[in-house]
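File shown: target_32.tsv. Contents: TSV, C-alpha atoms.
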chain	number	residue	atom	x	y	z
A	1	MET	CA	140.47	-25.93	22.01
A	2	ALA	CA	138.80	-27.81	19.15
A	3	GLN	CA	135.59	-29.66	19.95
A	4	TYR	CA	135.97	-32.03	16.99
A	5	SER	CA	138.88	-34.16	15.81
A	6	ARG	CA	140.23	-33.86	12.28
A	7	ILE	CA	138.63	-37.19	11.37
A	8	GLU	CA	135.22	-36.03	12.63
A	9	VAL	CA	135.53	-32.81	10.64
A	10	ALA	CA	136.63	-34.61	7.48
A	11	LEU	CA	133.70	-37.02	7.75
A	12	LYS	CA	131.24	-34.16	8.21
A	13	MET	CA	132.70	-32.38	5.16
A	14	LYS	CA	132.19	-35.53	3.13
A	15	GLU	CA	128.70	-36.12	4.54
A	16	THR	CA	127.27	-32.65	3.92
A	17	GLY	CA	129.46	-31.67	0.95
A	18	LEU	CA	129.27	-27.97	1.80
A	19	VAL	CA	131.45	-25.48	3.68
A	20	PRO	CA	130.02	-21.94	3.66
A	21	LEU	CA	132.64	-19.17	3.81
A	22	PHE	CA	131.91	-15.92	5.61
A	23	TYR	CA	133.51	-12.89	7.22
A	24	HIS	CA	132.05	-9.79	8.81
A	25	GLN	CA	133.60	-7.40	11.29
A	26	ASP	CA	130.43	-7.09	13.37
A	27	ILE	CA	129.93	-9.83	15.96
A	28	GLU	CA	126.13	-9.64	16.11
A	29	VAL	CA	125.77	-9.68	12.32
A	30	SER	CA	128.12	-12.65	12.17
A	31	LYS	CA	126.06	-14.54	14.77
A	32	LYS	CA	122.86	-13.99	12.80
A	33	VAL	CA	124.42	-15.18	9.55
A	34	LEU	CA	125.89	-18.23	11.29
A	35	LYS	CA	122.46	-19.04	12.73
A	36	ALA	CA	120.85	-18.69	9.29
A	37	CYS	CA	123.36	-21.14	7.82
A	38	TYR	CA	122.77	-23.52	10.71
A	39	ASP	CA	118.99	-23.32	10.31
A	40	GLY	CA	119.46	-24.06	6.62
A	41	GLY	CA	121.21	-27.31	7.53
A	42	ALA	CA	124.89	-26.36	7.29
A	43	ARG	CA	127.03	-27.97	9.98
A	44	LEU	CA	130.33	-26.39	8.98
A	45	LEU	CA	131.37	-22.79	8.43
A	46	GLU	CA	134.75	-21.31	7.52
A	47	PHE	CA	135.24	-17.88	9.06
A	48	THR	CA	137.63	-16.13	6.70
A	49	SER	CA	140.13	-14.16	8.78
A	50	ARG	CA	140.50	-11.05	6.65
A	51	GLY	CA	140.01	-8.03	8.87
A	52	ASP	CA	141.59	-6.29	11.84
A	53	PHE	CA	140.63	-7.95	15.14
A	54	ALA	CA	139.03	-10.83	13.24
A	55	HIS	CA	140.12	-13.17	16.02
A	56	GLU	CA	137.88	-11.29	18.46
A	57	VAL	CA	134.87	-11.84	16.21
A	58	PHE	CA	135.73	-15.51	15.84
A	59	ALA	CA	136.14	-15.95	19.60
A	60	ALA	CA	132.60	-14.65	20.13
A	61	LEU	CA	131.25	-16.85	17.31
A	62	SER	CA	132.99	-19.90	18.74
A	63	LYS	CA	131.45	-19.40	22.17
A	64	TYR	CA	128.05	-18.76	20.58
A	65	ALA	CA	128.19	-21.92	18.48
A	66	ILE	CA	129.18	-24.09	21.44
A	67	ALA	CA	126.39	-22.65	23.60
A	68	GLU	CA	123.56	-22.30	21.08
A	69	LEU	CA	124.22	-24.35	17.93
A	70	PRO	CA	124.86	-28.01	18.79
A	71	GLY	CA	126.81	-29.84	16.11
A	72	MET	CA	128.03	-26.69	14.37
A	73	ILE	CA	131.70	-27.02	13.39
A	74	LEU	CA	133.50	-23.69	13.05
A	75	GLY	CA	136.84	-23.31	11.33
A	76	VAL	CA	139.01	-20.44	10.14
A	77	GLY	CA	140.25	-19.65	6.65
A	78	SER	CA	142.81	-17.28	5.11
A	79	VAL	CA	145.33	-18.35	7.76
A	80	THR	CA	148.86	-17.55	6.63
A	81	ASP	CA	151.22	-18.75	9.37
A	82	ALA	CA	151.52	-21.14	12.30
A	83	ALA	CA	151.16	-18.38	14.89
A	84	ALA	CA	147.76	-17.39	13.54
A	85	ALA	CA	146.71	-21.05	13.32
A	86	SER	CA	147.71	-21.59	16.95
A	87	LEU	CA	145.80	-18.49	18.06
A	88	TYR	CA	142.62	-19.61	16.32
A	89	MET	CA	142.91	-23.15	17.67
A	90	GLN	CA	143.16	-21.65	21.17
A	91	LEU	CA	139.90	-19.84	20.38
A	92	GLY	CA	138.18	-23.07	19.39
A	93	ALA	CA	138.82	-23.46	15.65
A	94	ASN	CA	137.96	-27.01	14.58
A	95	PHE	CA	139.74	-26.73	11.24
A	96	ILE	CA	142.23	-24.41	9.58
A	97	VAL	CA	142.17	-23.48	5.89
A	98	THR	CA	145.11	-21.79	4.19
A	99	PRO	CA	145.47	-20.10	0.78
A	100	VAL	CA	148.82	-21.86	0.19
A	101	LEU	CA	150.69	-24.95	1.38
A	102	ARG	CA	152.53	-24.05	4.60
A	103	GLU	CA	154.39	-26.81	6.40
A	104	ASP	CA	154.62	-24.81	9.63
A	105	ILE	CA	150.80	-24.72	9.76
A	106	ALA	CA	150.64	-28.45	9.07
A	107	ILE	CA	152.92	-29.15	12.05
A	108	ALA	CA	150.98	-26.83	14.39
A	109	CYS	CA	147.63	-28.38	13.46
A	110	ASN	CA	148.87	-31.98	13.52
A	111	ARG	CA	150.14	-31.51	17.06
A	112	ARG	CA	146.55	-30.91	18.14
A	113	LYS	CA	144.92	-33.32	15.67
A	114	VAL	CA	143.07	-30.42	14.05
A	115	LEU	CA	142.15	-30.72	10.37
A	116	TRP	CA	144.03	-28.36	8.08
A	117	SER	CA	143.23	-27.81	4.42
A	118	PRO	CA	145.95	-26.08	2.39
A	119	GLY	CA	145.38	-24.29	-0.90
A	120	CYS	CA	147.14	-26.31	-3.60
A	121	GLY	CA	147.40	-25.80	-7.34
A	122	THR	CA	149.65	-28.61	-8.58
A	123	LEU	CA	149.79	-32.36	-8.21
A	124	THR	CA	153.16	-31.98	-6.50
A	125	GLU	CA	151.70	-29.64	-3.88
A	126	ILE	CA	148.77	-31.99	-3.33
A	127	ALA	CA	151.08	-34.98	-2.89
A	128	ARG	CA	153.24	-33.04	-0.41
A	129	ALA	CA	150.16	-31.94	1.56
A	130	GLU	CA	149.05	-35.55	1.83
A	131	GLU	CA	152.52	-36.62	2.94
A	132	LEU	CA	152.14	-34.05	5.73
A	133	GLY	CA	148.84	-35.63	6.81
A	134	CYS	CA	146.27	-33.53	4.95
A	135	GLU	CA	142.83	-35.18	4.81
A	136	ILE	CA	141.11	-32.77	2.39
A	137	VAL	CA	143.01	-30.52	0.00
A	138	LYS	CA	141.68	-27.11	-0.93
A	139	LEU	CA	141.83	-26.38	-4.66
A	140	PHE	CA	142.26	-22.63	-4.91
A	141	PRO	CA	141.32	-20.67	-6.88
A	142	GLY	CA	138.83	-23.24	-8.12
A	143	ASP	CA	137.57	-21.23	-11.07
A	144	ILE	CA	141.08	-21.07	-12.55
A	145	TYR	CA	141.58	-24.84	-12.47
A	146	GLY	CA	138.02	-26.08	-12.95
A	147	PRO	CA	136.41	-29.54	-12.73
A	148	GLU	CA	138.60	-30.99	-15.50
A	149	PHE	CA	141.68	-30.43	-13.34
A	150	ILE	CA	140.07	-32.47	-10.57
A	151	LYS	CA	139.22	-35.27	-12.99
A	152	GLY	CA	142.86	-35.33	-14.01
A	153	ILE	CA	144.02	-35.61	-10.39
A	154	LYS	CA	141.52	-38.31	-9.43
A	155	GLY	CA	142.78	-40.54	-12.24
A	156	PRO	CA	146.24	-41.33	-10.82
A	157	GLN	CA	145.23	-40.42	-7.24
A	158	PRO	CA	141.66	-41.65	-6.56
A	159	TRP	CA	142.33	-41.44	-2.82
A	160	THR	CA	142.77	-37.66	-2.91
A	161	SER	CA	139.93	-35.66	-1.33
A	162	ILE	CA	139.45	-32.18	-2.78
A	163	MET	CA	137.46	-29.09	-1.79
A	164	PRO	CA	137.38	-26.39	-4.49
A	165	THR	CA	136.87	-22.81	-3.33
A	166	GLY	CA	136.25	-19.98	-5.77
A	167	GLY	CA	134.13	-20.46	-8.87
A	168	VAL	CA	131.52	-22.55	-7.05
A	169	SER	CA	127.90	-21.41	-7.01
A	170	PRO	CA	124.79	-23.01	-5.46
A	171	THR	CA	123.14	-24.07	-8.73
A	172	VAL	CA	122.42	-27.51	-10.17
A	173	GLU	CA	124.49	-26.78	-13.27
A	174	ASN	CA	127.57	-25.60	-11.39
A	175	LEU	CA	127.50	-28.14	-8.56
A	176	SER	CA	126.92	-31.01	-11.00
A	177	LYS	CA	130.20	-30.27	-12.75
A	178	TRP	CA	132.18	-30.28	-9.52
A	179	PHE	CA	130.67	-33.37	-7.94
A	180	LYS	CA	130.75	-35.37	-11.15
A	181	ALA	CA	134.46	-34.51	-11.32
A	182	GLY	CA	134.90	-36.17	-7.93
A	183	VAL	CA	135.08	-33.44	-5.27
A	184	THR	CA	134.53	-34.37	-1.64
A	185	CYS	CA	132.93	-31.05	-0.77
A	186	VAL	CA	132.82	-27.45	-1.96
A	187	GLY	CA	133.50	-24.12	-0.30
A	188	ILE	CA	131.11	-21.30	-1.24
A	189	GLY	CA	131.30	-17.70	-0.06
A	190	SER	CA	129.55	-14.69	-1.57
A	191	GLN	CA	127.50	-16.81	-3.97
A	192	LEU	CA	125.87	-18.40	-0.93
A	193	ILE	CA	125.87	-15.57	1.60
A	194	LYS	CA	125.08	-12.32	-0.20
A	195	ALA	CA	124.71	-8.81	1.19
A	196	ASP	CA	122.51	-6.22	-0.51
A	197	GLN	CA	123.72	-2.84	-1.77
A	198	ASN	CA	123.53	-1.46	1.76
A	199	GLY	CA	125.57	-4.30	3.20
A	200	ALA	CA	122.59	-5.94	4.91
A	201	PHE	CA	121.90	-9.68	4.87
A	202	ASP	CA	118.54	-11.28	4.16
A	203	LEU	CA	118.70	-14.05	6.76
A	204	VAL	CA	115.63	-15.87	5.51
A	205	GLN	CA	117.07	-15.95	2.00
A	206	ILE	CA	120.43	-17.21	3.26
A	207	GLU	CA	118.70	-20.03	5.12
A	208	GLU	CA	116.73	-21.02	2.02
A	209	VAL	CA	119.75	-20.86	-0.31
A	210	VAL	CA	121.80	-23.02	2.06
A	211	LYS	CA	118.95	-25.51	2.36
A	212	GLU	CA	118.53	-25.75	-1.42
A	213	CYS	CA	122.29	-26.02	-1.96
A	214	LEU	CA	122.49	-28.95	0.45
A	215	ARG	CA	119.51	-30.59	-1.26
A	216	ILE	CA	121.22	-30.33	-4.65
A	217	ILE	CA	124.49	-31.72	-3.29
A	218	GLN	CA	122.77	-34.71	-1.70
A	219	SER	CA	121.00	-35.45	-4.97
A	220	LEU	CA	124.38	-35.53	-6.75
A	221	LYS	CA	126.11	-37.89	-4.34
Written as structure tokens, how would this file's structure read?
Amino acid sequence: MAQYSRIEVALKMKETGLVPLFYHQDIEVSKKVLKACYDGGARLLEFTSRGDFAHEVFAALSKYAIAELPGMILGVGSVTDAAAASLYMQLGANFIVTPVLREDIAIACNRRKVLWSPGCGTLTEIARAEELGCEIVKLFPGDIYGPEFIKGIKGPQPWTSIMPTGGVSPTVENLSKWFKAGVTCVGIGSQLIKADQNGAFDLVQIEEVVKECLRIIQSLK
């Protein structure tokens, strides 16, 4: 069961401006990376459900966050149907992110007042998502559409809140373009949480990169 309402999650996304994205099949590695992000100041993390038994890893992360990381809001991404969304909400997901607009997922999440963020690529999709109660739309893949697309949307629809994922990196130059275009927050994966050639994570570096990314975002708001 979610610990945070969709309004609380949306406000935290707007406040911090950053949603790190991460997946790893090993529970202990995932806990360490989550802790590094938390220590760097992140208060949201999207666990991208992309591997076999990913729900088991998320269940362990969810329990860990509740017990050890106060204020950490965990959600799940790459969710493709209502059944998967329901499973992850049962395991404590506080928000659900999808690669496409799925009305069955909207209904499942709205029943529990859990924030859902669908991947949209047209103004029509965005409008439909908002009609279904979406608070923050995911623009995916962000690098294909770019900041100019967001500027175009915000003109006729200044009320629309957008989170681009893909094509976002934790640099002043890149983040400036997105936030000046009017994004509410950004989702960053491998550009924020990098593994070395052996697949190992430098936890100290992750913490520092997250901290600097948040500092840049706050300076742009």
Set the distance at 12 Å and use all atoms listed in the file: which residues neighbour Ile126 (chain A) once local chain neighbours fewer than 3 positions away are removed? I'd like the list as a count of residues only.
31
So that I can check the surroundings of Asp39 (chain A), please list as number ranges by chain every protein, DNA and RNA residue that reaches within 10 Å of it, counting only C-alpha atoms and ignoring chain neighbours fewer than 6 positions away.
A: 33, 69, 203-204, 206-208, 210-211
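CA of Leu21 (chain A) sits 8.3 Å away from CA of Leu192 (chain A).
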Tell me which protein, DNA and RNA residues are within 9 Å of Gln205 (chain A), counting only C-alpha atoms, leaving out same-chain ones fewer than 4 positions away, and put them as a ChimeraX atom specification.
/A:36,193,201,209-210
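Note that CA of Gly189 (chain A) and CA of Pro141 (chain A) are 12.5 Å apart.
The shortest atom-to-atom distance to Phe53 (chain A), with only C-alpha atoms taken into account, belongs to A:Gln25 out of A:Gln25, A:Ser219, A:Gly167, A:Thr184.
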Listed atoms of region 171-179 of chain A boxed axis-aligned with 8 Å per side, centre + edges as AutoDock Vina command-line options:
--center_x 127.3 --center_y -28.7 --center_z -10.6 --size_x 25.8 --size_y 25.3 --size_z 21.3
Save region 31-48 of chain A to disk from that block, C-alpha atoms included, as a CSV table (one decimal), in the first residue's frame.
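As written to disk, part21.csv reads:
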chain,number,residue,atom,x,y,z
A,31,LYS,CA,19.7,-1.0,-1.6
A,32,LYS,CA,23.1,0.6,-1.7
A,33,VAL,CA,22.3,2.7,-4.8
A,34,LEU,CA,19.0,3.8,-3.3
A,35,LYS,CA,20.8,4.9,-0.1
A,36,ALA,CA,23.4,6.8,-2.1
A,37,CYS,CA,20.7,8.7,-3.9
A,38,TYR,CA,18.9,9.4,-0.6
A,39,ASP,CA,22.2,10.6,1.0
A,40,GLY,CA,22.6,12.9,-2.0
A,41,GLY,CA,19.3,14.5,-1.3
A,42,ALA,CA,16.9,12.6,-3.7
A,43,ARG,CA,13.5,11.9,-2.2
A,44,LEU,CA,12.1,10.1,-5.1
A,45,LEU,CA,13.3,7.1,-7.1
A,46,GLU,CA,11.7,5.2,-10.0
A,47,PHE,CA,12.5,1.6,-10.0
A,48,THR,CA,12.3,0.5,-13.6
